[in-house]
$ cat protein18.txt   # compact mmCIF, C-alpha atoms (C1' of nucleotides)
# COMPACT_ATOMS: atom_id res chain seq x y z
CA MET A 10 -18.45 -74.34 8.63
CA SER A 11 -19.81 -71.14 7.53
CA LEU A 12 -22.17 -71.75 4.69
CA PRO A 13 -23.67 -68.22 4.72
CA HIS A 14 -20.22 -66.72 4.17
CA ALA A 15 -19.45 -69.16 1.40
CA LEU A 16 -22.71 -68.18 -0.25
CA MET A 17 -22.02 -64.45 0.06
CA THR A 18 -18.56 -64.91 -1.43
CA SER A 19 -20.12 -66.67 -4.36
CA LEU A 20 -22.78 -63.95 -4.69
CA LEU A 21 -20.08 -61.29 -4.69
CA GLU A 22 -18.52 -62.91 -7.74
CA LYS A 23 -21.90 -62.77 -9.41
CA SER A 24 -25.38 -62.08 -8.06
CA CYS A 25 -27.77 -64.90 -8.88
CA SER A 26 -30.67 -67.07 -7.70
CA GLY A 27 -30.62 -69.80 -5.07
CA TYR A 28 -30.89 -72.38 -7.79
CA ASP A 29 -27.84 -71.00 -9.57
CA LEU A 30 -25.92 -71.05 -6.30
CA ALA A 31 -26.78 -74.69 -5.83
CA ARG A 32 -25.45 -75.48 -9.29
CA ARG A 33 -22.24 -73.53 -8.75
CA PHE A 34 -21.70 -75.37 -5.49
CA GLU A 35 -21.95 -78.65 -7.31
CA LYS A 36 -19.24 -77.56 -9.72
CA SER A 37 -16.14 -75.48 -8.96
CA ILE A 38 -16.77 -74.73 -5.30
CA GLY A 39 -18.26 -78.14 -4.70
CA TYR A 40 -14.87 -79.83 -5.01
CA PHE A 41 -14.13 -78.67 -1.52
CA TRP A 42 -17.56 -77.65 -0.30
CA ARG A 43 -20.98 -79.23 -0.65
CA ALA A 44 -24.38 -77.69 -0.02
CA SER A 45 -27.83 -78.98 -0.84
CA HIS A 46 -30.47 -76.64 -2.22
CA GLN A 47 -32.51 -76.97 0.99
CA GLN A 48 -29.62 -75.61 3.01
CA ILE A 49 -29.03 -72.84 0.54
CA TYR A 50 -32.62 -71.57 0.52
CA ARG A 51 -32.76 -71.60 4.28
CA GLU A 52 -29.53 -69.66 4.63
CA LEU A 53 -30.58 -67.16 1.98
CA GLY A 54 -33.73 -66.49 3.98
CA ARG A 55 -31.77 -66.00 7.20
CA MET A 56 -29.19 -63.75 5.59
CA GLU A 57 -31.86 -61.55 4.07
CA GLU A 58 -33.47 -61.22 7.49
CA ALA A 59 -30.09 -60.30 8.95
CA GLY A 60 -29.68 -57.55 6.36
CA TRP A 61 -26.57 -59.12 4.78
CA ILE A 62 -28.17 -59.63 1.38
CA ARG A 63 -31.26 -58.45 -0.48
CA SER A 64 -33.30 -60.02 -3.25
CA GLU A 65 -35.65 -58.96 -5.99
CA ALA A 66 -37.74 -60.82 -8.52
CA ALA A 67 -35.49 -61.76 -11.44
CA GLU A 68 -35.93 -59.80 -14.67
CA ASP A 69 -36.42 -63.03 -16.59
CA ALA A 70 -38.72 -64.44 -13.92
CA GLY A 71 -41.97 -64.52 -15.88
CA LYS A 72 -44.49 -66.33 -13.73
CA SER A 73 -41.81 -68.29 -11.85
CA ARG A 74 -40.74 -67.46 -8.30
CA LYS A 75 -37.15 -66.83 -9.35
CA ARG A 76 -35.36 -64.27 -7.19
CA VAL A 77 -31.90 -62.80 -7.61
CA TYR A 78 -29.79 -62.20 -4.50
CA GLU A 79 -27.19 -59.48 -4.00
CA VAL A 80 -24.74 -58.82 -1.16
CA LEU A 81 -25.32 -55.62 0.85
CA PRO A 82 -22.55 -53.52 2.46
CA ALA A 83 -23.45 -55.02 5.85
CA GLY A 84 -22.80 -58.45 4.33
CA GLN A 85 -19.41 -57.34 3.03
CA GLU A 86 -18.46 -56.06 6.48
CA GLU A 87 -19.49 -59.37 7.96
CA LEU A 88 -17.40 -61.21 5.36
CA LYS A 89 -14.29 -59.20 6.25
CA ARG A 90 -14.80 -59.79 9.95
CA TRP A 91 -15.30 -63.52 9.43
CA ALA A 92 -12.37 -63.94 7.03
CA LEU A 93 -9.88 -62.72 9.63
CA GLU A 94 -11.35 -64.79 12.45
CA PRO A 95 -8.83 -67.52 13.31
CA VAL A 96 -10.04 -71.12 12.94
CA ASP A 97 -7.95 -74.24 13.43
CA PRO A 98 -7.62 -76.57 10.47
CA PRO A 99 -9.99 -79.53 10.75
CA SER A 100 -8.60 -82.98 11.46
CA PRO A 101 -9.08 -85.68 8.79
CA ARG A 102 -12.22 -87.47 10.02
CA ASP A 103 -12.30 -90.18 7.37
CA GLU A 104 -14.07 -93.25 8.68
CA PHE A 105 -12.00 -95.49 6.46
CA PHE A 106 -9.11 -95.15 8.88
CA VAL A 107 -11.36 -96.54 11.58
CA LYS A 108 -12.18 -99.45 9.29
CA LEU A 109 -8.50 -100.14 8.81
CA ARG A 110 -8.08 -100.18 12.56
CA THR A 111 -11.01 -102.57 12.82
CA ASP A 112 -9.26 -104.79 10.29
CA ALA A 113 -6.10 -104.57 12.35
CA VAL A 114 -7.91 -105.67 15.50
CA MET A 115 -10.29 -108.30 14.09
CA GLY A 116 -7.92 -109.96 11.65
CA PRO A 117 -7.90 -109.58 7.85
CA LEU A 118 -11.35 -108.61 6.59
CA GLY A 119 -10.38 -108.10 2.94
CA LEU A 120 -10.29 -104.34 2.57
CA GLU A 121 -8.07 -104.47 -0.54
CA ALA A 122 -10.95 -104.08 -3.00
CA GLU A 123 -12.26 -101.04 -1.17
CA ILE A 124 -8.79 -99.46 -1.12
CA GLU A 125 -8.53 -99.96 -4.87
CA ARG A 126 -11.97 -98.50 -5.41
CA ARG A 127 -11.08 -95.44 -3.37
CA MET A 128 -7.74 -95.10 -5.14
CA GLY A 129 -9.70 -94.98 -8.39
CA LEU A 130 -11.85 -92.17 -7.03
CA HIS A 131 -8.79 -90.21 -5.96
CA LYS A 132 -7.28 -90.63 -9.40
CA LEU A 133 -10.52 -89.38 -10.96
CA ARG A 134 -10.56 -86.30 -8.77
CA LEU A 135 -6.92 -85.69 -9.50
CA ALA A 136 -7.55 -85.94 -13.24
CA ALA A 137 -10.42 -83.45 -12.94
CA TYR A 138 -8.17 -81.01 -11.07
CA ARG A 139 -5.37 -81.47 -13.60
CA ALA A 140 -7.81 -80.73 -16.41
CA ILE A 141 -8.83 -77.45 -14.77
CA GLU A 142 -5.17 -76.66 -14.21
CA ALA A 143 -4.31 -77.22 -17.86
CA ARG A 144 -7.31 -75.27 -19.09
CA ASP A 145 -7.19 -72.25 -16.80
CA PHE A 146 -3.83 -71.87 -15.16
CA ALA A 147 -0.84 -73.71 -16.63
CA GLY A 148 1.65 -71.44 -18.36
CA LYS A 149 -0.50 -68.34 -18.13
CA THR A 150 0.07 -64.96 -16.58
CA LEU A 151 -2.49 -64.84 -13.81
CA SER A 152 -4.35 -62.01 -12.15
CA ARG A 153 -4.49 -61.81 -8.39
CA LEU A 154 -7.81 -63.67 -8.50
CA GLY A 155 -6.30 -66.32 -10.76
CA GLU A 156 -3.22 -66.76 -8.57
CA ILE A 157 -5.39 -67.45 -5.54
CA GLN A 158 -7.78 -69.75 -7.39
CA TYR A 159 -4.77 -71.72 -8.61
CA LEU A 160 -3.39 -71.84 -5.08
CA ILE A 161 -6.64 -73.37 -3.84
CA LEU A 162 -6.64 -75.86 -6.68
CA ARG A 163 -3.09 -76.89 -5.83
CA ALA A 164 -4.24 -77.76 -2.31
CA GLY A 165 -6.68 -80.21 -3.84
CA ILE A 166 -4.06 -81.60 -6.19
CA MET A 167 -1.59 -82.19 -3.37
CA GLN A 168 -4.27 -83.83 -1.28
CA GLU A 169 -5.33 -86.25 -3.99
CA GLU A 170 -1.77 -87.04 -5.02
CA GLY A 171 -0.99 -87.86 -1.42
CA LEU A 172 -4.01 -90.13 -1.12
CA VAL A 173 -3.22 -92.00 -4.34
CA LYS A 174 0.32 -92.59 -3.13
CA TRP A 175 -0.94 -93.63 0.29
CA SER A 176 -3.45 -96.05 -1.23
CA GLU A 177 -0.61 -97.78 -3.03
CA GLU A 178 1.30 -98.06 0.21
CA ALA A 179 -1.81 -99.45 1.90
CA LEU A 180 -2.20 -102.14 -0.75
CA GLY A 181 1.45 -102.97 -0.25
CA VAL A 182 1.01 -103.37 3.48
CA LEU A 183 -2.07 -105.58 3.15
CA ALA A 184 -0.33 -107.69 0.48
CA ASP A 185 2.83 -107.96 2.56
CA GLU A 186 0.82 -109.51 5.32
CA LYS A 187 0.00 -112.46 3.15
CA THR A 188 3.59 -112.81 1.98
CA LEU A 189 4.67 -112.55 5.57
CA LYS A 190 2.18 -115.12 6.68
CA ASN A 191 3.39 -117.52 3.97
CA LYS A 192 6.98 -116.75 4.86
CA ASN A 193 6.30 -117.51 8.51
CA LEU A 194 4.62 -120.74 7.54
CA GLY A 195 7.68 -121.54 5.47
CA ASP A 196 9.97 -120.82 8.38
CA LEU A 197 8.08 -123.32 10.44
CA LYS A 198 9.07 -126.18 8.22
CA MET B 20 -19.64 -91.02 10.49
CA SER B 21 -19.92 -94.11 12.40
CA LEU B 22 -19.11 -93.37 15.98
CA PRO B 23 -20.63 -96.61 17.36
CA HIS B 24 -18.29 -98.68 15.18
CA ALA B 25 -15.31 -96.62 16.19
CA LEU B 26 -16.25 -97.20 19.83
CA MET B 27 -16.66 -100.94 19.34
CA THR B 28 -13.27 -101.17 17.64
CA SER B 29 -11.74 -99.39 20.59
CA LEU B 30 -13.59 -101.68 23.02
CA LEU B 31 -12.30 -104.75 21.16
CA GLU B 32 -8.76 -103.63 21.79
CA LYS B 33 -9.63 -103.37 25.45
CA SER B 34 -12.96 -103.37 27.30
CA CYS B 35 -13.37 -100.30 29.46
CA SER B 36 -15.72 -97.62 30.76
CA GLY B 37 -17.25 -94.73 28.83
CA TYR B 38 -14.94 -92.35 30.62
CA ASP B 39 -11.89 -94.34 29.54
CA LEU B 40 -13.17 -94.34 25.94
CA ALA B 41 -13.48 -90.56 26.06
CA ARG B 42 -9.88 -90.28 27.21
CA ARG B 43 -8.62 -92.67 24.55
CA PHE B 44 -10.46 -90.69 21.90
CA GLU B 45 -8.70 -87.55 23.03
CA LYS B 46 -5.33 -89.25 22.58
CA SER B 47 -4.31 -91.72 19.89
CA ILE B 48 -7.60 -92.08 18.07
CA GLY B 49 -8.44 -88.42 18.56
CA TYR B 50 -5.81 -87.37 16.04
CA PHE B 51 -8.23 -88.36 13.33
CA TRP B 52 -11.46 -88.70 15.24
CA ARG B 53 -13.09 -86.63 17.98
CA ALA B 54 -15.93 -87.55 20.28
CA SER B 55 -17.26 -85.81 23.35
CA HIS B 56 -18.25 -87.79 26.42
CA GLN B 57 -21.92 -86.91 25.90
CA GLN B 58 -21.87 -88.53 22.49
CA ILE B 59 -20.05 -91.54 23.82
CA TYR B 60 -22.50 -92.23 26.66
CA ARG B 61 -25.47 -91.83 24.33
CA GLU B 62 -24.00 -94.26 21.79
CA LEU B 63 -23.04 -96.77 24.48
CA GLY B 64 -26.66 -96.77 25.64
CA ARG B 65 -27.96 -97.31 22.11
CA MET B 66 -25.48 -100.06 21.34
CA GLU B 67 -26.34 -101.90 24.52
CA GLU B 68 -30.02 -101.70 23.60
CA ALA B 69 -29.17 -103.05 20.13
CA GLY B 70 -27.38 -106.01 21.70
CA TRP B 71 -23.98 -105.13 20.23
CA ILE B 72 -22.29 -104.62 23.59
CA ARG B 73 -23.01 -105.43 27.21
CA SER B 74 -21.91 -103.80 30.44
CA GLU B 75 -21.46 -104.68 34.05
CA ALA B 76 -20.51 -102.72 37.15
CA ALA B 77 -16.74 -102.41 37.24
CA GLU B 78 -14.86 -104.52 39.78
CA ASP B 79 -13.18 -101.41 41.13
CA ALA B 80 -16.45 -99.45 41.11
CA GLY B 81 -16.98 -99.05 44.85
CA LYS B 82 -19.90 -96.69 45.26
CA SER B 83 -19.32 -95.04 41.87
CA ARG B 84 -21.50 -95.73 38.83
CA LYS B 85 -18.54 -96.97 36.80
CA ARG B 86 -19.50 -99.59 34.23
CA VAL B 87 -17.24 -101.62 31.95
CA TYR B 88 -18.39 -102.30 28.40
CA GLU B 89 -17.60 -105.35 26.29
CA VAL B 90 -18.35 -106.15 22.64
CA LEU B 91 -20.76 -109.06 22.04
CA PRO B 92 -20.61 -111.45 19.04
CA ALA B 93 -23.51 -109.55 17.43
CA GLY B 94 -21.40 -106.41 17.66
CA GLN B 95 -18.46 -108.15 16.00
CA GLU B 96 -20.70 -109.28 13.14
CA GLU B 97 -21.94 -105.73 12.73
CA LEU B 98 -18.35 -104.47 12.68
CA LYS B 99 -17.41 -106.87 9.88
CA ARG B 100 -20.44 -105.92 7.84
CA TRP B 101 -19.76 -102.20 8.29
CA ALA B 102 -16.03 -102.45 7.56
CA LEU B 103 -16.67 -103.84 4.09
CA GLU B 104 -19.40 -101.35 3.24
CA PRO B 105 -18.03 -99.01 0.57
CA VAL B 106 -17.90 -95.30 1.46
CA ASP B 107 -16.46 -92.55 -0.69
CA PRO B 108 -13.60 -90.53 0.78
CA PRO B 109 -14.80 -87.21 2.19
CA SER B 110 -13.88 -84.02 0.40
CA PRO B 111 -11.69 -81.51 2.25
CA ARG B 112 -14.30 -79.13 3.75
CA ASP B 113 -11.88 -76.64 5.26
CA GLU B 114 -13.50 -73.24 5.55
CA PHE B 115 -10.13 -71.53 5.21
CA PHE B 116 -10.25 -72.15 1.46
CA VAL B 117 -13.49 -70.20 1.35
CA LYS B 118 -11.78 -67.39 3.23
CA LEU B 119 -9.00 -67.35 0.65
CA ARG B 120 -11.59 -67.09 -2.06
CA THR B 121 -13.24 -64.24 -0.18
CA ASP B 122 -9.84 -62.54 -0.07
CA ALA B 123 -9.49 -63.11 -3.80
CA VAL B 124 -12.85 -61.49 -4.50
CA MET B 125 -12.82 -58.62 -2.00
CA GLY B 126 -9.22 -57.55 -2.38
CA PRO B 127 -6.36 -58.24 0.07
CA LEU B 128 -7.69 -58.71 3.58
CA GLY B 129 -4.41 -59.65 5.23
CA LEU B 130 -4.65 -63.40 5.70
CA GLU B 131 -0.88 -63.86 5.97
CA ALA B 132 -0.87 -63.95 9.77
CA GLU B 133 -3.57 -66.61 9.84
CA ILE B 134 -1.70 -68.72 7.29
CA GLU B 135 1.40 -68.55 9.45
CA ARG B 136 -0.57 -69.45 12.54
CA ARG B 137 -2.06 -72.46 10.78
CA MET B 138 1.30 -73.50 9.39
CA GLY B 139 2.54 -73.52 12.99
CA LEU B 140 -0.29 -75.84 13.98
CA HIS B 141 0.47 -78.20 11.11
CA LYS B 142 4.12 -78.29 12.14
CA LEU B 143 3.08 -79.10 15.68
CA ARG B 144 0.85 -81.96 14.57
CA LEU B 145 3.60 -83.22 12.30
CA ALA B 146 6.09 -83.15 15.15
CA ALA B 147 3.67 -85.10 17.34
CA TYR B 148 3.23 -87.73 14.61
CA ARG B 149 7.00 -87.93 14.06
CA ALA B 150 7.50 -88.47 17.77
CA ILE B 151 5.06 -91.39 17.76
CA GLU B 152 6.78 -92.75 14.66
CA ALA B 153 10.20 -92.60 16.29
CA ARG B 154 8.95 -94.12 19.54
CA ASP B 155 6.77 -96.93 18.21
CA PHE B 156 7.58 -97.74 14.61
CA ALA B 157 10.85 -96.52 13.12
CA GLY B 158 13.35 -99.30 12.49
CA LYS B 159 11.32 -101.98 14.23
CA THR B 160 9.94 -105.27 13.05
CA LEU B 161 6.22 -104.76 13.26
CA SER B 162 3.32 -107.12 13.87
CA ARG B 163 0.33 -107.00 11.56
CA LEU B 164 -1.35 -104.62 14.03
CA GLY B 165 1.74 -102.45 14.11
CA GLU B 166 2.04 -102.35 10.32
CA ILE B 167 -1.51 -101.08 10.01
CA GLN B 168 -1.20 -98.59 12.83
CA TYR B 169 1.93 -97.22 11.17
CA LEU B 170 0.11 -97.05 7.84
CA ILE B 171 -2.62 -94.92 9.42
CA LEU B 172 -0.03 -92.70 11.05
CA ARG B 173 1.70 -92.21 7.70
CA ALA B 174 -1.55 -90.88 6.25
CA GLY B 175 -1.51 -88.19 8.92
CA ILE B 176 2.15 -87.45 8.30
CA MET B 177 1.64 -87.05 4.57
CA GLN B 178 -1.36 -84.83 5.15
CA GLU B 179 0.48 -82.49 7.52
CA GLU B 180 3.61 -82.38 5.39
CA GLY B 181 1.49 -81.40 2.41
CA LEU B 182 -0.26 -78.67 4.35
CA VAL B 183 3.01 -77.23 5.66
CA LYS B 184 4.39 -77.11 2.15
CA TRP B 185 1.16 -75.62 0.82
CA SER B 186 1.14 -72.95 3.54
CA GLU B 187 4.57 -71.85 2.39
CA GLU B 188 3.33 -71.62 -1.18
CA ALA B 189 0.34 -69.63 0.01
CA LEU B 190 2.55 -67.13 1.80
CA GLY B 191 4.58 -66.85 -1.38
CA VAL B 192 1.52 -66.11 -3.47
CA LEU B 193 0.21 -63.46 -1.08
CA ALA B 194 3.66 -61.86 -0.87
CA ASP B 195 4.11 -61.95 -4.65
CA GLU B 196 0.99 -59.89 -5.04
CA LYS B 197 2.63 -56.99 -3.28
CA THR B 198 5.80 -57.30 -5.32
CA LEU B 199 3.71 -57.52 -8.44
CA LYS B 200 1.71 -54.47 -7.49
CA ASN B 201 4.92 -52.50 -6.97
CA LYS B 202 6.34 -53.82 -10.20
CA ASN B 203 3.24 -52.76 -12.10
CA LEU B 204 3.42 -49.32 -10.55
CA GLY B 205 7.04 -49.16 -11.67
CA ASP B 206 6.09 -50.15 -15.21
CA LEU B 207 3.70 -47.22 -15.38
CA LYS B 208 6.48 -44.69 -15.06
C1' DC C 6 -48.06 -83.48 -25.00
C1' DC C 7 -44.61 -85.20 -22.17
C1' DA C 8 -40.07 -85.37 -20.25
C1' DA C 9 -36.41 -82.83 -18.53
C1' DC C 10 -35.06 -79.14 -16.23
C1' DC C 11 -35.82 -74.69 -13.65
C1' DA C 12 -37.02 -72.97 -9.16
C1' DT C 13 -38.42 -72.99 -4.41
C1' DG C 14 -39.80 -74.81 -0.55
C1' DT C 15 -41.56 -78.10 4.08
C1' DA C 16 -40.74 -81.81 7.51
C1' DA C 17 -38.49 -85.40 10.01
C1' DG C 18 -34.54 -87.06 11.92
C1' DC C 19 -29.64 -87.59 13.17
C1' DG C 20 -25.21 -86.38 14.76
C1' DG C 21 -22.54 -83.13 17.01
C1' DT C 22 -21.71 -79.12 20.13
C1' DT C 23 -22.43 -76.40 24.32
C1' DA C 24 -24.08 -75.71 28.70
C1' DC C 25 -25.53 -77.47 32.89
C1' DA C 26 -25.72 -80.85 36.67
C1' DT C 27 -24.49 -84.47 40.06
C1' DG C 28 -21.97 -87.41 42.99
C1' DA C 29 -17.64 -90.37 44.16
C1' DT C 30 -12.69 -90.77 44.78
C1' DT C 31 -7.97 -89.35 45.42
C1' DG C 32 -3.94 -86.58 46.70
C1' DG C 33 -1.93 -82.73 48.89
C1' DC D 22 -10.76 -80.31 54.08
C1' DC D 23 -10.51 -78.84 49.48
C1' DA D 24 -9.34 -79.15 44.72
C1' DA D 25 -8.74 -82.01 40.96
C1' DT D 26 -10.13 -85.73 38.66
C1' DC D 27 -13.17 -89.73 37.94
C1' DA D 28 -17.62 -90.92 36.15
C1' DT D 29 -22.13 -90.35 34.18
C1' DG D 30 -25.66 -88.12 32.64
C1' DT D 31 -29.83 -84.28 30.75
C1' DA D 32 -31.40 -80.52 27.71
C1' DA D 33 -31.25 -77.23 24.10
C1' DC D 34 -29.73 -76.06 19.88
C1' DC D 35 -27.72 -76.16 15.21
C1' DG D 36 -26.30 -77.89 10.77
C1' DC D 37 -26.82 -81.24 7.55
C1' DT D 38 -29.21 -85.09 5.13
C1' DT D 39 -33.18 -87.38 3.16
C1' DA D 40 -37.59 -87.53 1.60
C1' DC D 41 -41.47 -85.31 -0.03
C1' DA D 42 -44.00 -81.63 -2.51
C1' DT D 43 -45.25 -77.99 -5.85
C1' DG D 44 -45.47 -75.33 -9.94
C1' DG D 45 -43.26 -72.97 -14.22
C1' DT D 46 -40.54 -73.37 -18.56
C1' DT D 47 -38.42 -75.41 -22.58
C1' DG D 48 -37.40 -78.62 -26.31
C1' DG D 49 -38.31 -82.65 -28.97

$ encode --input "protein18.txt" --output "structure tokens"
Amino acid sequence: MSLPHALMTSLLEKSCSGYDLARRFEKSIGYFWRASHQQIYRELGRMEEAGWIRSEAAEDAGKSRKRVYEVLPAGQEELKRWALEPVDPPSPRDEFFVKLRTDAVMGPLGLEAEIERRMGLHKLRLAAYRAIEARDFAGKTLSRLGEIQYLILRAGIMQEEGLVKWSEEALGVLADEKTLKNKNLGDLK
Amino acid sequence: MSLPHALMTSLLEKSCSGYDLARRFEKSIGYFWRASHQQIYRELGRMEEAGWIRSEAAEDAGKSRKRVYEVLPAGQEELKRWALEPVDPPSPRDEFFVKLRTDAVMGPLGLEAEIERRMGLHKLRLAAYRAIEARDFAGKTLSRLGEIQYLILRAGIMQEEGLVKWSEEALGVLADEKTLKNKNLGDLK
DNA sequence: CCAACCATGTAAGCGGTTACATGATTGG
DNA sequence: CCAATCATGTAACCGCTTACATGGTTGG
């Protein structure tokens, strides 16, 4: 994935320190992208060496090592080039599907509780997205920036809605098995 | 994610060689999980050392090095343990959303073509899933295994349907911008 | 003064990708 | 016989995660 480009995009919105970037990635951006501070500092170093960004000691640094990073024109060129580069959408890659298959092959292992737990997480994420929607986007006239931010948020909303719905189906299937088993036992009488 | 467990699950369905596993992963399983042959051979070696699987020269080996792998009871225990281990669902992690954000920040970069290209890919995947659905699941009485396989497939179908729909929305938003720009110019008169 | 937070790093290890390499078997 | 496919590996590299480490600042 291209972490450097994600970082530059964030820096373009507002120049800041590595620490600030790490915090931003935990919040808004972090819903669809995660980055640890170790990664971020490393990439900042590389990008500065490449001439994509530059840094200077922060005005409010005092005796701390705080540095503020800023995107250079070369970085902006690189961003444009990268943005238009075609990349195929990733495939799911959720190991829970493998676990379901394991359950299918090895007989019932009792995955219902885990499905319910995950459904809860999806509902939480969905609620968080809906809150952002209500606060920032719903029923407002949006700028170009806002329109696109909302578009990205809607991708997350659709995703989580789908997964909540699917989790319910999954519980249904695993429950049906028991009913079915009982039914078959009944038929044997 | 746990490749060894995915491999063992596949081996439980049918014992086979590393090469066969690689091919299977490119087909059915590969729709939501990828693994290169290098990875597979390395993991097979590790799992054999751990006592989870064992191997013997294939009956049809001739002078080739072909080996057939089989899951041992210790491997089955490990599979059960792992299947019930809770793991949070992964977050999206599609770099295209970052690109959209870059477009939002740096002004229109012309991502429409890429969105259309990706929408085409999602439609292709969806068609492939629908074909499997029609061939193996639609309107049939399914075994427990079949029910779960179909459930997994439906997750893929929902995902791709959502992304096709979202791509259309995205094209709408990017097109609207132009209309809006023209409209605003008109208002200035 | 001490805890919480700000701010930046190093090091080890793992999983995954790419490139390279080798030899056997099968079908045209 | 030659190409394609079967079958198994090694080596280098990269990104990401986890754990560890250090020092400054702020608020109770």

$ interface_residues --input "protein18.txt" --of "chain B" --to "chain C" --cutoff "8 Å" --atoms "all atoms listed in the file" --output "JSON, numbers by chain"
{"B": [58, 82, 83]}

$ interface_residues --input "protein18.txt" --of "chain B" --to "chain A" --cutoff "6 Å" --atoms "only C-alpha atoms" --output "PDB file with C-alpha atoms, in the frame of the given file"
ATOM      1  CA  THR B  28     -13.270-101.170  17.640  1.00  0.00           C
ATOM      2  CA  PHE B  51      -8.230 -88.360  13.330  1.00  0.00           C
ATOM      3  CA  TRP B  52     -11.460 -88.700  15.240  1.00  0.00           C
ATOM      4  CA  ALA B 102     -16.030-102.450   7.560  1.00  0.00           C
ATOM      5  CA  SER B 110     -13.880 -84.020   0.400  1.00  0.00           C
ATOM      6  CA  PRO B 111     -11.690 -81.510   2.250  1.00  0.00           C
ATOM      7  CA  ARG B 112     -14.300 -79.130   3.750  1.00  0.00           C
ATOM      8  CA  GLU B 114     -13.500 -73.240   5.550  1.00  0.00           C
ATOM      9  CA  LYS B 118     -11.780 -67.390   3.230  1.00  0.00           C
ATOM     10  CA  THR B 121     -13.240 -64.240  -0.180  1.00  0.00           C
ATOM     11  CA  ALA B 123      -9.490 -63.110  -3.800  1.00  0.00           C
ATOM     12  CA  LEU B 164      -1.350-104.620  14.030  1.00  0.00           C
TER      13      LEU B 164
END

$ atom_distance --input "protein18.txt" --atom1 "atom C1' of D:DG36" --atom2 "atom CA of B:Glu68"
27.3 Å

$ atom_distance --input "protein18.txt" --atom1 "atom CA of A:Arg63" --atom2 "atom CA of A:Gly84"
9.7 Å

$ interface_residues --input "protein18.txt" --of "chain B" --to "chain D" --cutoff "9 Å" --atoms "all atoms listed in the file" --output "tab-separated table (two decimals) with C-alpha atoms, in the frame of the given file"
chain	number	residue	atom	x	y	z
B	36	SER	CA	-15.72	-97.62	30.76
B	37	GLY	CA	-17.25	-94.73	28.83
B	38	TYR	CA	-14.94	-92.35	30.62
B	57	GLN	CA	-21.92	-86.91	25.90
B	60	TYR	CA	-22.50	-92.23	26.66
B	83	SER	CA	-19.32	-95.04	41.87
B	84	ARG	CA	-21.50	-95.73	38.83
B	85	LYS	CA	-18.54	-96.97	36.80

$ atom_distance --input "protein18.txt" --atom1 "atom CA of B:Gly158" --atom2 "atom CA of A:Glu177"
20.9 Å

$ residues_around --input "protein18.txt" --residues "A:Pro82" --least-positions-apart "6" --cutoff "10 Å" --atoms "only C-alpha atoms (C1' of nucleotides)" --output "tab-separated table (two decimals) with C-alpha atoms, in the frame of the given file"
chain	number	residue	atom	x	y	z
A	60	GLY	CA	-29.68	-57.55	6.36
A	61	TRP	CA	-26.57	-59.12	4.78
A	62	ILE	CA	-28.17	-59.63	1.38
A	88	LEU	CA	-17.40	-61.21	5.36
